[in-house]
Amino acid sequence: MATATVGSYLIERMAELGIRHVFGIPGDYVLGFYAQLERSSLAVVNCADEQGAGYAADAYARVNGIGAVCVTYGVGGLKVVNTSAQAFAEKSPVIVISGGPGVRERERDALLHHKVRSFESQLVVFREVTCASAIVDDADRAQAEIDRVLAACKRHSQPVYLELPRDAVDATFTLRPREEPAPQRDEAELHEALAETTDLLAAAKRPVIIAGEELARFGIGDRLASLLERSGIPVATTTLSKSVLDETHPLYVGVYEGALGHETTRRYVERSDCLVILGANLSDVTLGIDTAHLDPEVTIRSNAVETWVHRHLYPDVTLVDFVAGLSATLPARAGTAVENPPRPEAWVPVPGSPVTIVRLIQCLNAFIDEGTTVVADVGDALFASIDLLVEAWDFIAPAYYLSLGFAVPGSIGVQLARPGTRPLVIVGDGAFQMTGMELTTAVRYGLDPIVIVLDNAGYGTERPMLDGPFNDVVPWHYERLPELLGAGRGYDVRTEDDLDAALDAARDERGGYALLRVHLEPDDMSPALRRLTALMRERVKA
């Protein structure tokens, strides 16, 4: 019978799932597994820091459908807890692999380096931010444990944790036939949910769909387009699901953010007499910091685990089955005429005029094309970018968990997962100082993101809430980083004509990253962020 080692089996399974790159940083507890990775078909992507590797794997998973990060025990593993928490909160399927002390070493309960309280401390922590976890310390059970954990990653579209003791990586076991569990579905319950929904939609005069991020996470974004074509129902997205649908679609009404968003979008959604929410995480940001008014009496909600039709719960009807059923059963009808989001104004630079965030977004709207994927960090990098008009799944941002520092390493994951795209990174100066050194990883692997650093001298999101010196950051000459790294091109952008010239040059110069330092006034912010911080200021005072 065929045999495999623990490490080689895990690598084989990851390749089967579509993983081509594994992000991380090596350490002594995981060197044996790294050696196996180097001999495999998977490419190892060494990052500058474990947190950067975690963000890169998260972004890779959002584009590719699954990703992986591999680190050493303790000092490496605990540095990717935050990135794993973000992936868990935003349903990004990342396999977290950590080396660990050997099985025999654990028997003596020795004070080995990187150990915290017990040898299981790291496992205990990761149980809080993953949907499945295991220490693979028994070769006879390795296949079953790896299969169980990886199946959970795909089923729930959330991160999982596998710890490989270093003396178990090369342990050999006999392969057994894999048992793929059949999907469990209550056909009668699904039929009832679809029938009730179809009747409500048929009677509705102003139905609206809010399309959420789970449509992409579970690979059914294409079914949304077919559902719209069949039903003619207008659709909105959220900050987290922006670009789940091509935003030039005639039925698209915009990003719904309560009072934070455009009034036309808010009015259309909130006046609906039948609101269908498909796979959307309704967080405080999504709901405009308590400014949303969505009537539960007219709302149908479906997610990865259950479906509600008004107040009627269908506990075993999942989003995947519900969307597939609606696409097949809804009667065809003509599309409703809707007011689409305002088109971006034509961009004509005003020579000598200082750049503002609103004008920057106008410029970027003219700059992006079908080969661009926007990767936005937290702050006005995110909230101003909501006004960018992008095509399907060409916008990625941590819009719920809101962890600063995602975008630069995220662009590495995006470009490796989707080689035909060029990432456009929008990042604040504070977030850039956290993870911007991942540009060294871009250099190492021949990647060429365009990175726009919004230099407003600190944490611009927090200043309007409660200002103080704690919101300042040390000023960097960001445009001179290419001198330090020996690669890339830097641009110092102060005026609109500077911006225009720098973007034109960045577009033409491929093969290396471009970094634009865009000077902004400390109090300059997008209208959406101004509305958000006004609401948050009241919370801070409370």
# chains A, B, ... in the order shown; residues from 1 in each chain; ligands from 1
>>> select_by_dssp(residues="segment 293-460 of chain A", states="alpha helix (DSSP H)", output="compact mmCIF listing (two decimals) with N, CA and C atoms, in the first residue's frame")
# COMPACT_ATOMS: atom_id res chain seq x y z
N LEU A 319 -26.43 29.43 2.57
CA LEU A 319 -26.36 30.43 1.51
C LEU A 319 -26.16 29.79 0.14
N VAL A 320 -25.26 28.83 0.05
CA VAL A 320 -24.96 28.21 -1.25
C VAL A 320 -26.20 27.58 -1.85
N ASP A 321 -26.93 26.80 -1.05
CA ASP A 321 -28.14 26.16 -1.56
C ASP A 321 -29.25 27.17 -1.84
N PHE A 322 -29.35 28.18 -0.98
CA PHE A 322 -30.41 29.17 -1.12
C PHE A 322 -30.24 29.98 -2.41
N VAL A 323 -29.00 30.44 -2.68
CA VAL A 323 -28.75 31.23 -3.89
C VAL A 323 -28.95 30.38 -5.13
N ALA A 324 -28.45 29.14 -5.08
CA ALA A 324 -28.65 28.25 -6.23
C ALA A 324 -30.13 28.01 -6.49
N GLY A 325 -30.89 27.83 -5.41
CA GLY A 325 -32.32 27.60 -5.57
C GLY A 325 -33.05 28.82 -6.12
N LEU A 326 -32.70 30.00 -5.62
CA LEU A 326 -33.35 31.21 -6.13
C LEU A 326 -33.03 31.42 -7.61
N SER A 327 -31.78 31.16 -7.99
CA SER A 327 -31.39 31.33 -9.39
C SER A 327 -32.21 30.44 -10.32
N ALA A 328 -32.63 29.29 -9.79
CA ALA A 328 -33.36 28.33 -10.62
C ALA A 328 -34.87 28.51 -10.56
N THR A 329 -35.39 29.05 -9.45
CA THR A 329 -36.83 29.03 -9.26
C THR A 329 -37.53 30.38 -9.42
N ILE A 357 -7.89 64.56 -0.79
CA ILE A 357 -8.29 63.16 -0.86
C ILE A 357 -9.42 62.98 -1.88
N VAL A 358 -10.34 63.93 -1.97
CA VAL A 358 -11.43 63.81 -2.93
C VAL A 358 -10.90 63.85 -4.36
N ARG A 359 -9.97 64.75 -4.62
CA ARG A 359 -9.40 64.85 -5.96
C ARG A 359 -8.51 63.64 -6.27
N LEU A 360 -7.86 63.10 -5.27
CA LEU A 360 -7.06 61.89 -5.48
C LEU A 360 -7.94 60.75 -5.97
N ILE A 361 -9.09 60.57 -5.35
CA ILE A 361 -9.99 59.49 -5.77
C ILE A 361 -10.51 59.74 -7.18
N GLN A 362 -10.79 60.99 -7.52
CA GLN A 362 -11.20 61.29 -8.89
C GLN A 362 -10.10 60.89 -9.89
N CYS A 363 -8.86 61.20 -9.52
CA CYS A 363 -7.74 60.85 -10.38
C CYS A 363 -7.60 59.34 -10.52
N LEU A 364 -7.72 58.61 -9.40
CA LEU A 364 -7.57 57.15 -9.45
C LEU A 364 -8.70 56.50 -10.22
N ASN A 365 -9.89 57.09 -10.18
CA ASN A 365 -10.99 56.56 -10.98
C ASN A 365 -10.66 56.60 -12.46
N ALA A 366 -9.93 57.61 -12.87
CA ALA A 366 -9.54 57.69 -14.28
C ALA A 366 -8.35 56.79 -14.58
N PHE A 367 -7.61 56.41 -13.54
CA PHE A 367 -6.37 55.65 -13.73
C PHE A 367 -6.60 54.14 -13.79
N ASP A 380 -8.88 56.44 5.87
CA ASP A 380 -9.42 57.05 4.66
C ASP A 380 -8.96 56.32 3.41
N ALA A 381 -7.92 55.51 3.53
CA ALA A 381 -7.57 54.63 2.42
C ALA A 381 -8.76 53.76 2.05
N LEU A 382 -9.53 53.36 3.04
CA LEU A 382 -10.74 52.55 2.81
C LEU A 382 -11.95 53.41 2.49
N PHE A 383 -12.24 54.37 3.36
CA PHE A 383 -13.52 55.08 3.24
C PHE A 383 -13.56 55.98 2.02
N ALA A 407 -2.56 46.33 3.69
CA ALA A 407 -2.57 46.53 2.24
C ALA A 407 -1.26 46.20 1.54
N VAL A 408 -0.11 46.64 2.07
CA VAL A 408 1.15 46.39 1.36
C VAL A 408 1.43 44.89 1.27
N PRO A 409 1.44 44.14 2.40
CA PRO A 409 1.62 42.69 2.24
C PRO A 409 0.46 42.04 1.51
N GLY A 410 -0.75 42.58 1.65
CA GLY A 410 -1.89 42.04 0.93
C GLY A 410 -1.69 42.10 -0.57
N SER A 411 -1.02 43.15 -1.06
CA SER A 411 -0.79 43.27 -2.50
C SER A 411 0.11 42.16 -3.02
N ILE A 412 1.01 41.67 -2.17
CA ILE A 412 1.88 40.56 -2.56
C ILE A 412 1.05 39.30 -2.77
N GLY A 413 0.16 39.02 -1.83
CA GLY A 413 -0.72 37.87 -1.98
C GLY A 413 -1.61 37.98 -3.20
N VAL A 414 -2.13 39.19 -3.45
CA VAL A 414 -3.02 39.41 -4.60
C VAL A 414 -2.29 39.15 -5.91
N GLN A 415 -1.09 39.70 -6.06
CA GLN A 415 -0.41 39.58 -7.35
C GLN A 415 0.10 38.17 -7.60
N LEU A 416 0.48 37.45 -6.55
CA LEU A 416 0.90 36.06 -6.75
C LEU A 416 -0.31 35.16 -7.04
N ALA A 417 -1.44 35.47 -6.45
CA ALA A 417 -2.64 34.68 -6.72
C ALA A 417 -3.22 34.99 -8.09
N ASP A 429 -0.08 56.76 6.13
CA ASP A 429 1.30 56.75 6.57
C ASP A 429 1.50 55.92 7.84
N GLY A 430 0.53 55.96 8.77
CA GLY A 430 0.65 55.16 9.98
C GLY A 430 0.63 53.67 9.70
N ALA A 431 -0.29 53.23 8.83
CA ALA A 431 -0.36 51.82 8.47
C ALA A 431 0.88 51.40 7.69
N PHE A 432 1.39 52.27 6.82
CA PHE A 432 2.58 51.92 6.04
C PHE A 432 3.77 51.68 6.96
N GLN A 433 3.90 52.47 8.01
CA GLN A 433 5.03 52.29 8.91
C GLN A 433 4.97 50.97 9.66
N MET A 434 3.80 50.34 9.70
CA MET A 434 3.68 49.04 10.36
C MET A 434 4.22 47.90 9.50
N THR A 435 3.89 47.90 8.22
CA THR A 435 4.20 46.73 7.37
C THR A 435 4.79 47.11 6.02
N LEU A 439 7.69 45.65 1.14
CA LEU A 439 8.12 45.96 -0.22
C LEU A 439 9.40 45.20 -0.56
N THR A 440 10.19 44.83 0.44
CA THR A 440 11.37 44.00 0.16
C THR A 440 10.95 42.64 -0.40
N THR A 441 9.81 42.14 0.05
CA THR A 441 9.29 40.88 -0.49
C THR A 441 8.85 41.05 -1.94
N ALA A 442 8.24 42.19 -2.24
CA ALA A 442 7.87 42.48 -3.62
C ALA A 442 9.10 42.51 -4.52
N VAL A 443 10.17 43.12 -4.02
CA VAL A 443 11.42 43.17 -4.79
C VAL A 443 11.96 41.76 -5.01
N ARG A 444 11.98 40.98 -3.96
CA ARG A 444 12.57 39.63 -4.03
C ARG A 444 11.86 38.76 -5.05
>>> residues_around(residues="Ala142 of chain A", least_positions_apart="4", cutoff="10 Å", atoms="only C-alpha atoms", output="VMD selection string")
chain A and resid 5 to 7 9 to 10 134 to 138 146 to 148 168 171 to 173 175
>>> closest_residue(among="A:Ala506, A:Ala392, A:Leu499, A:Ala204", to="Pro351 of chain A", atoms="only C-alpha atoms")
A:Leu499
>>> closest_residue(among="A:Val518, A:Ile277, A:Ala216, A:Ala534", to="Ile396 of chain A", atoms="only C-alpha atoms")
A:Ala216
>>> select_by_dssp(residues="segment 259-408 of chain A", states="strand (DSSP E)", output="ChimeraX atom specification")
/A:274-278,299-302,307-309,312-314,372-376,395-396
>>> write_last_selection(atoms="N, CA and C atoms", output="PDB file, in the first residue's frame")
ATOM      1  N   CYS A 274     -39.026  44.501   0.432  1.00  0.00           N
ATOM      2  CA  CYS A 274     -38.551  43.117   0.553  1.00  0.00           C
ATOM      3  C   CYS A 274     -37.038  43.135   0.350  1.00  0.00           C
ATOM      4  N   LEU A 275     -36.316  43.075   1.453  1.00  0.00           N
ATOM      5  CA  LEU A 275     -34.863  43.203   1.436  1.00  0.00           C
ATOM      6  C   LEU A 275     -34.237  41.819   1.613  1.00  0.00           C
ATOM      7  N   VAL A 276     -33.443  41.403   0.626  1.00  0.00           N
ATOM      8  CA  VAL A 276     -32.807  40.081   0.657  1.00  0.00           C
ATOM      9  C   VAL A 276     -31.313  40.283   0.908  1.00  0.00           C
ATOM     10  N   ILE A 277     -30.830  39.848   2.070  1.00  0.00           N
ATOM     11  CA  ILE A 277     -29.429  40.021   2.448  1.00  0.00           C
ATOM     12  C   ILE A 277     -28.729  38.676   2.273  1.00  0.00           C
ATOM     13  N   LEU A 278     -27.823  38.622   1.306  1.00  0.00           N
ATOM     14  CA  LEU A 278     -27.165  37.361   0.955  1.00  0.00           C
ATOM     15  C   LEU A 278     -25.701  37.376   1.395  1.00  0.00           C
ATOM     16  N   THR A 299     -37.316  41.675   5.891  1.00  0.00           N
ATOM     17  CA  THR A 299     -35.955  41.231   5.572  1.00  0.00           C
ATOM     18  C   THR A 299     -35.856  39.716   5.482  1.00  0.00           C
ATOM     19  N   ILE A 300     -35.161  39.261   4.454  1.00  0.00           N
ATOM     20  CA  ILE A 300     -34.786  37.848   4.275  1.00  0.00           C
ATOM     21  C   ILE A 300     -33.274  37.786   4.353  1.00  0.00           C
ATOM     22  N   ARG A 301     -32.729  36.929   5.220  1.00  0.00           N
ATOM     23  CA  ARG A 301     -31.281  36.852   5.407  1.00  0.00           C
ATOM     24  C   ARG A 301     -30.808  35.416   5.240  1.00  0.00           C
ATOM     25  N   SER A 302     -29.771  35.243   4.449  1.00  0.00           N
ATOM     26  CA  SER A 302     -29.172  33.913   4.300  1.00  0.00           C
ATOM     27  C   SER A 302     -27.667  34.042   4.438  1.00  0.00           C
ATOM     28  N   THR A 307     -30.800  30.381   7.237  1.00  0.00           N
ATOM     29  CA  THR A 307     -31.582  31.352   6.480  1.00  0.00           C
ATOM     30  C   THR A 307     -32.795  31.780   7.304  1.00  0.00           C
ATOM     31  N   TRP A 308     -33.026  33.096   7.315  1.00  0.00           N
ATOM     32  CA  TRP A 308     -34.224  33.652   7.947  1.00  0.00           C
ATOM     33  C   TRP A 308     -35.096  34.276   6.862  1.00  0.00           C
ATOM     34  N   VAL A 309     -36.366  33.946   6.849  1.00  0.00           N
ATOM     35  CA  VAL A 309     -37.334  34.611   5.981  1.00  0.00           C
ATOM     36  C   VAL A 309     -38.289  35.362   6.898  1.00  0.00           C
ATOM     37  N   HIS A 312     -38.983  33.808  10.298  1.00  0.00           N
ATOM     38  CA  HIS A 312     -39.069  32.352  10.195  1.00  0.00           C
ATOM     39  C   HIS A 312     -37.666  31.804   9.943  1.00  0.00           C
ATOM     40  N   LEU A 313     -37.139  31.003  10.869  1.00  0.00           N
ATOM     41  CA  LEU A 313     -35.791  30.459  10.763  1.00  0.00           C
ATOM     42  C   LEU A 313     -35.788  29.117  10.050  1.00  0.00           C
ATOM     43  N   TYR A 314     -34.888  28.999   9.065  1.00  0.00           N
ATOM     44  CA  TYR A 314     -34.608  27.713   8.418  1.00  0.00           C
ATOM     45  C   TYR A 314     -33.168  27.338   8.779  1.00  0.00           C
ATOM     46  N   THR A 372      -6.297  46.251 -12.977  1.00  0.00           N
ATOM     47  CA  THR A 372      -5.973  46.796 -11.653  1.00  0.00           C
ATOM     48  C   THR A 372      -6.801  46.114 -10.576  1.00  0.00           C
ATOM     49  N   THR A 373      -6.163  45.754  -9.472  1.00  0.00           N
ATOM     50  CA  THR A 373      -6.881  45.346  -8.267  1.00  0.00           C
ATOM     51  C   THR A 373      -6.531  46.323  -7.161  1.00  0.00           C
ATOM     52  N   VAL A 374      -7.524  47.005  -6.625  1.00  0.00           N
ATOM     53  CA  VAL A 374      -7.302  47.964  -5.554  1.00  0.00           C
ATOM     54  C   VAL A 374      -7.223  47.219  -4.229  1.00  0.00           C
ATOM     55  N   VAL A 375      -6.164  47.480  -3.468  1.00  0.00           N
ATOM     56  CA  VAL A 375      -6.008  46.909  -2.130  1.00  0.00           C
ATOM     57  C   VAL A 375      -5.942  48.085  -1.161  1.00  0.00           C
ATOM     58  N   ALA A 376      -6.986  48.264  -0.380  1.00  0.00           N
ATOM     59  CA  ALA A 376      -7.098  49.431   0.491  1.00  0.00           C
ATOM     60  C   ALA A 376      -6.829  49.058   1.937  1.00  0.00           C
ATOM     61  N   PHE A 395     -11.455  44.828  -5.779  1.00  0.00           N
ATOM     62  CA  PHE A 395     -11.289  45.673  -4.594  1.00  0.00           C
ATOM     63  C   PHE A 395     -11.222  44.770  -3.376  1.00  0.00           C
ATOM     64  N   ILE A 396     -10.172  44.924  -2.575  1.00  0.00           N
ATOM     65  CA  ILE A 396      -9.989  44.095  -1.381  1.00  0.00           C
ATOM     66  C   ILE A 396      -9.599  45.003  -0.224  1.00  0.00           C
TER      67      ILE A 396
END
>>> residues_around(residues="Leu402 of chain A", least_positions_apart="6", cutoff="10 Å", atoms="only C-alpha atoms", output="number ranges by chain")
A: 86, 90, 285, 377-379, 382
>>> write_last_selection(atoms="N, CA, C and O atoms", output="PDB file, in the first residue's frame")
ATOM      1  N   GLN A  86      -8.364  38.304  11.888  1.00  0.00           N
ATOM      2  CA  GLN A  86      -9.004  39.033  10.799  1.00  0.00           C
ATOM      3  C   GLN A  86      -9.597  38.072   9.768  1.00  0.00           C
ATOM      4  O   GLN A  86     -10.734  38.252   9.314  1.00  0.00           O
ATOM      5  N   GLU A  90     -13.574  37.802   8.854  1.00  0.00           N
ATOM      6  CA  GLU A  90     -14.012  38.178   7.515  1.00  0.00           C
ATOM      7  C   GLU A  90     -14.116  36.982   6.573  1.00  0.00           C
ATOM      8  O   GLU A  90     -14.233  37.148   5.363  1.00  0.00           O
ATOM      9  N   VAL A 285     -19.832  49.037  11.142  1.00  0.00           N
ATOM     10  CA  VAL A 285     -19.372  49.825  10.005  1.00  0.00           C
ATOM     11  C   VAL A 285     -20.331  49.658   8.830  1.00  0.00           C
ATOM     12  O   VAL A 285     -20.733  50.629   8.186  1.00  0.00           O
ATOM     13  N   ASP A 377      -6.061  49.885   2.612  1.00  0.00           N
ATOM     14  CA  ASP A 377      -5.829  49.712   4.042  1.00  0.00           C
ATOM     15  C   ASP A 377      -6.950  50.397   4.817  1.00  0.00           C
ATOM     16  O   ASP A 377      -7.931  50.890   4.230  1.00  0.00           O
ATOM     17  N   VAL A 378      -6.809  50.462   6.121  1.00  0.00           N
ATOM     18  CA  VAL A 378      -7.838  50.989   7.004  1.00  0.00           C
ATOM     19  C   VAL A 378      -7.683  52.508   7.116  1.00  0.00           C
ATOM     20  O   VAL A 378      -6.588  53.046   6.986  1.00  0.00           O
ATOM     21  N   GLY A 379      -8.777  53.200   7.398  1.00  0.00           N
ATOM     22  CA  GLY A 379      -8.767  54.645   7.495  1.00  0.00           C
ATOM     23  C   GLY A 379      -9.340  55.239   6.224  1.00  0.00           C
ATOM     24  O   GLY A 379     -10.184  54.633   5.553  1.00  0.00           O
ATOM     25  N   LEU A 382      -9.534  53.357   3.041  1.00  0.00           N
ATOM     26  CA  LEU A 382     -10.738  52.547   2.814  1.00  0.00           C
ATOM     27  C   LEU A 382     -11.949  53.414   2.493  1.00  0.00           C
ATOM     28  O   LEU A 382     -12.626  53.215   1.480  1.00  0.00           O
TER      29      LEU A 382
END
>>> atom_distance(atom1="atom CA of Gly67 of chain A", atom2="atom CA of Tyr445 of chain A")
17.5 Å
>>> closest_residue(among="A:Glu187, A:Glu247, A:Glu214, A:Glu128", to="Arg155 of chain A", atoms="only C-alpha atoms")
A:Glu214
>>> atom_distance(atom1="atom CA of Arg108 of chain A", atom2="atom CA of Asp167 of chain A")
14.7 Å
>>> atom_distance(atom1="atom CA of Tyr268 of chain A", atom2="atom CA of Ala399 of chain A")
22.4 Å
>>> residues_around(residues="Leu228 of chain A", least_positions_apart="5", cutoff="10 Å", atoms="only C-alpha atoms", output="list in words")
Ile209, Arg223, Ile233, Pro234, Val235, His249, Leu251, Tyr252, Ser327, Ala332, Arg333, Ala334 and Gly335 of chain A
>>> write_last_selection(atoms="N, CA and C atoms", output="PDB file, in the first residue's frame")
ATOM      1  N   ILE A 209     -31.601  43.518  -3.169  1.00  0.00           N
ATOM      2  CA  ILE A 209     -30.637  42.544  -2.633  1.00  0.00           C
ATOM      3  C   ILE A 209     -29.440  43.295  -2.085  1.00  0.00           C
ATOM      4  N   ARG A 223     -23.113  33.250  -9.515  1.00  0.00           N
ATOM      5  CA  ARG A 223     -24.551  32.982  -9.416  1.00  0.00           C
ATOM      6  C   ARG A 223     -25.329  34.250  -9.096  1.00  0.00           C
ATOM      7  N   ILE A 233     -33.833  42.219  -9.935  1.00  0.00           N
ATOM      8  CA  ILE A 233     -33.873  42.906  -8.645  1.00  0.00           C
ATOM      9  C   ILE A 233     -32.631  43.789  -8.499  1.00  0.00           C
ATOM     10  N   PRO A 234     -32.783  45.044  -8.104  1.00  0.00           N
ATOM     11  CA  PRO A 234     -31.629  45.903  -7.857  1.00  0.00           C
ATOM     12  C   PRO A 234     -30.761  45.367  -6.723  1.00  0.00           C
ATOM     13  N   VAL A 235     -29.480  45.748  -6.703  1.00  0.00           N
ATOM     14  CA  VAL A 235     -28.543  45.182  -5.745  1.00  0.00           C
ATOM     15  C   VAL A 235     -27.603  46.250  -5.214  1.00  0.00           C
ATOM     16  N   HIS A 249     -22.781  47.434 -13.460  1.00  0.00           N
ATOM     17  CA  HIS A 249     -24.011  46.691 -13.748  1.00  0.00           C
ATOM     18  C   HIS A 249     -25.210  47.624 -13.663  1.00  0.00           C
ATOM     19  N   LEU A 251     -28.155  47.240 -12.653  1.00  0.00           N
ATOM     20  CA  LEU A 251     -28.990  47.086 -11.465  1.00  0.00           C
ATOM     21  C   LEU A 251     -28.272  47.481 -10.176  1.00  0.00           C
ATOM     22  N   TYR A 252     -27.035  47.938 -10.280  1.00  0.00           N
ATOM     23  CA  TYR A 252     -26.241  48.254  -9.092  1.00  0.00           C
ATOM     24  C   TYR A 252     -26.628  49.627  -8.554  1.00  0.00           C
ATOM     25  N   SER A 327     -31.781  31.160  -7.992  1.00  0.00           N
ATOM     26  CA  SER A 327     -31.393  31.333  -9.395  1.00  0.00           C
ATOM     27  C   SER A 327     -32.206  30.436 -10.315  1.00  0.00           C
ATOM     28  N   ALA A 332     -38.702  34.810 -14.158  1.00  0.00           N
ATOM     29  CA  ALA A 332     -37.979  35.861 -14.870  1.00  0.00           C
ATOM     30  C   ALA A 332     -38.851  37.099 -14.988  1.00  0.00           C
ATOM     31  N   ARG A 333     -38.234  38.260 -14.791  1.00  0.00           N
ATOM     32  CA  ARG A 333     -38.955  39.512 -14.999  1.00  0.00           C
ATOM     33  C   ARG A 333     -37.966  40.601 -15.394  1.00  0.00           C
ATOM     34  N   ALA A 334     -38.466  41.639 -15.988  1.00  0.00           N
ATOM     35  CA  ALA A 334     -37.603  42.713 -16.476  1.00  0.00           C
ATOM     36  C   ALA A 334     -36.953  43.440 -15.309  1.00  0.00           C
ATOM     37  N   GLY A 335     -35.759  43.941 -15.560  1.00  0.00           N
ATOM     38  CA  GLY A 335     -35.043  44.659 -14.525  1.00  0.00           C
ATOM     39  C   GLY A 335     -35.703  45.990 -14.191  1.00  0.00           C
TER      40      GLY A 335
END
>>> residues_around(residues="Gly490 of chain A", least_positions_apart="6", cutoff="9 Å", atoms="only C-alpha atoms", output="ChimeraX atom specification")
/A:478-483,502,513-517
>>> write_last_selection(atoms="C-alpha atoms", output="mmCIF file, in the first residue's frame")
data_model
loop_
_atom_site.group_PDB
_atom_site.id
_atom_site.type_symbol
_atom_site.label_atom_id
_atom_site.label_comp_id
_atom_site.auth_asym_id
_atom_site.auth_seq_id
_atom_site.Cartn_x
_atom_site.Cartn_y
_atom_site.Cartn_z
ATOM 1 C CA TYR A 478 8.722 57.568 1.834
ATOM 2 C CA GLU A 479 9.688 58.477 -1.705
ATOM 3 C CA ARG A 480 13.329 57.689 -0.883
ATOM 4 C CA LEU A 481 12.706 54.102 0.219
ATOM 5 C CA PRO A 482 13.735 52.823 -3.235
ATOM 6 C CA GLU A 483 17.231 54.180 -2.477
ATOM 7 C CA ALA A 502 3.746 60.118 -11.244
ATOM 8 C CA TYR A 513 7.149 48.721 -7.473
ATOM 9 C CA ALA A 514 6.266 52.414 -7.581
ATOM 10 C CA LEU A 515 5.790 54.388 -4.365
ATOM 11 C CA LEU A 516 3.927 57.702 -4.421
ATOM 12 C CA ARG A 517 4.152 59.862 -1.314
#
>>> residues_around(residues="Val253 of chain A", least_positions_apart="3", cutoff="10 Å", atoms="only C-alpha atoms", output="ChimeraX atom specification")
/A:208-210,234-237,247-250,256,262,264-266,268-269,338-342
>>> residues_around(residues="Thr130 of chain A", least_positions_apart="2", cutoff="9 Å", atoms="only C-alpha atoms", output="PyMOL selection string")
chain A and resi 84-85+87-88+126-128+132-133+153+158-161
>>> write_last_selection(atoms="N, CA and C atoms", output="mmCIF file, in the first residue's frame")
data_model
loop_
_atom_site.group_PDB
_atom_site.id
_atom_site.type_symbol
_atom_site.label_atom_id
_atom_site.label_comp_id
_atom_site.auth_asym_id
_atom_site.auth_seq_id
_atom_site.Cartn_x
_atom_site.Cartn_y
_atom_site.Cartn_z
ATOM 1 N N SER A 84 -4.804 36.017 11.677
ATOM 2 C CA SER A 84 -5.759 34.904 11.645
ATOM 3 C C SER A 84 -7.112 35.333 12.192
ATOM 4 N N ALA A 85 -7.093 36.208 13.202
ATOM 5 C CA ALA A 85 -8.350 36.730 13.740
ATOM 6 C C ALA A 85 -9.101 37.510 12.673
ATOM 7 N N ALA A 87 -8.836 37.048 9.405
ATOM 8 C CA ALA A 87 -9.328 36.074 8.439
ATOM 9 C C ALA A 87 -10.566 35.357 8.969
ATOM 10 N N PHE A 88 -10.584 35.059 10.263
ATOM 11 C CA PHE A 88 -11.738 34.404 10.871
ATOM 12 C C PHE A 88 -12.956 35.328 10.819
ATOM 13 N N PHE A 126 -5.022 29.623 19.332
ATOM 14 C CA PHE A 126 -5.545 29.531 17.964
ATOM 15 C C PHE A 126 -6.940 28.930 17.909
ATOM 16 N N ARG A 127 -7.334 28.199 18.908
ATOM 17 C CA ARG A 127 -8.708 27.689 18.916
ATOM 18 C C ARG A 127 -9.724 28.827 18.907
ATOM 19 N N GLU A 128 -9.343 30.003 19.417
ATOM 20 C CA GLU A 128 -10.250 31.144 19.460
ATOM 21 C C GLU A 128 -10.389 31.847 18.117
ATOM 22 N N ALA A 132 -11.070 25.147 13.084
ATOM 23 C CA ALA A 132 -10.614 23.784 13.376
ATOM 24 C C ALA A 132 -9.117 23.843 13.638
ATOM 25 N N SER A 133 -8.617 22.934 14.473
ATOM 26 C CA SER A 133 -7.201 22.960 14.826
ATOM 27 C C SER A 133 -6.753 21.576 15.256
ATOM 28 N N CYS A 153 -11.799 24.105 6.808
ATOM 29 C CA CYS A 153 -11.358 25.360 6.195
ATOM 30 C C CYS A 153 -12.204 25.689 4.970
ATOM 31 N N GLN A 158 -13.008 29.741 6.652
ATOM 32 C CA GLN A 158 -12.346 30.407 7.763
ATOM 33 C C GLN A 158 -10.988 29.745 8.003
ATOM 34 N N PRO A 159 -10.094 30.417 8.731
ATOM 35 C CA PRO A 159 -8.766 29.838 8.948
ATOM 36 C C PRO A 159 -8.797 28.604 9.833
ATOM 37 N N VAL A 160 -7.773 27.770 9.655
ATOM 38 C CA VAL A 160 -7.569 26.571 10.481
ATOM 39 C C VAL A 160 -6.116 26.556 10.922
ATOM 40 N N TYR A 161 -5.824 25.735 11.926
ATOM 41 C CA TYR A 161 -4.486 25.689 12.518
ATOM 42 C C TYR A 161 -3.978 24.256 12.576
#
>>> closest_residue(among="A:Glu107, A:Thr83, A:Ala144, A:Ile220", to="Pro177 of chain A", atoms="only C-alpha atoms")
A:Ala144
>>> closest_residue(among="A:Gln122, A:Ala48, A:Lys91, A:Asp295", to="Asn281 of chain A", atoms="only C-alpha atoms")
A:Lys91
>>> closest_residue(among="A:Gly352, A:Gly24, A:Gly32, A:Gly420", to="Ile95 of chain A", atoms="only C-alpha atoms")
A:Gly24
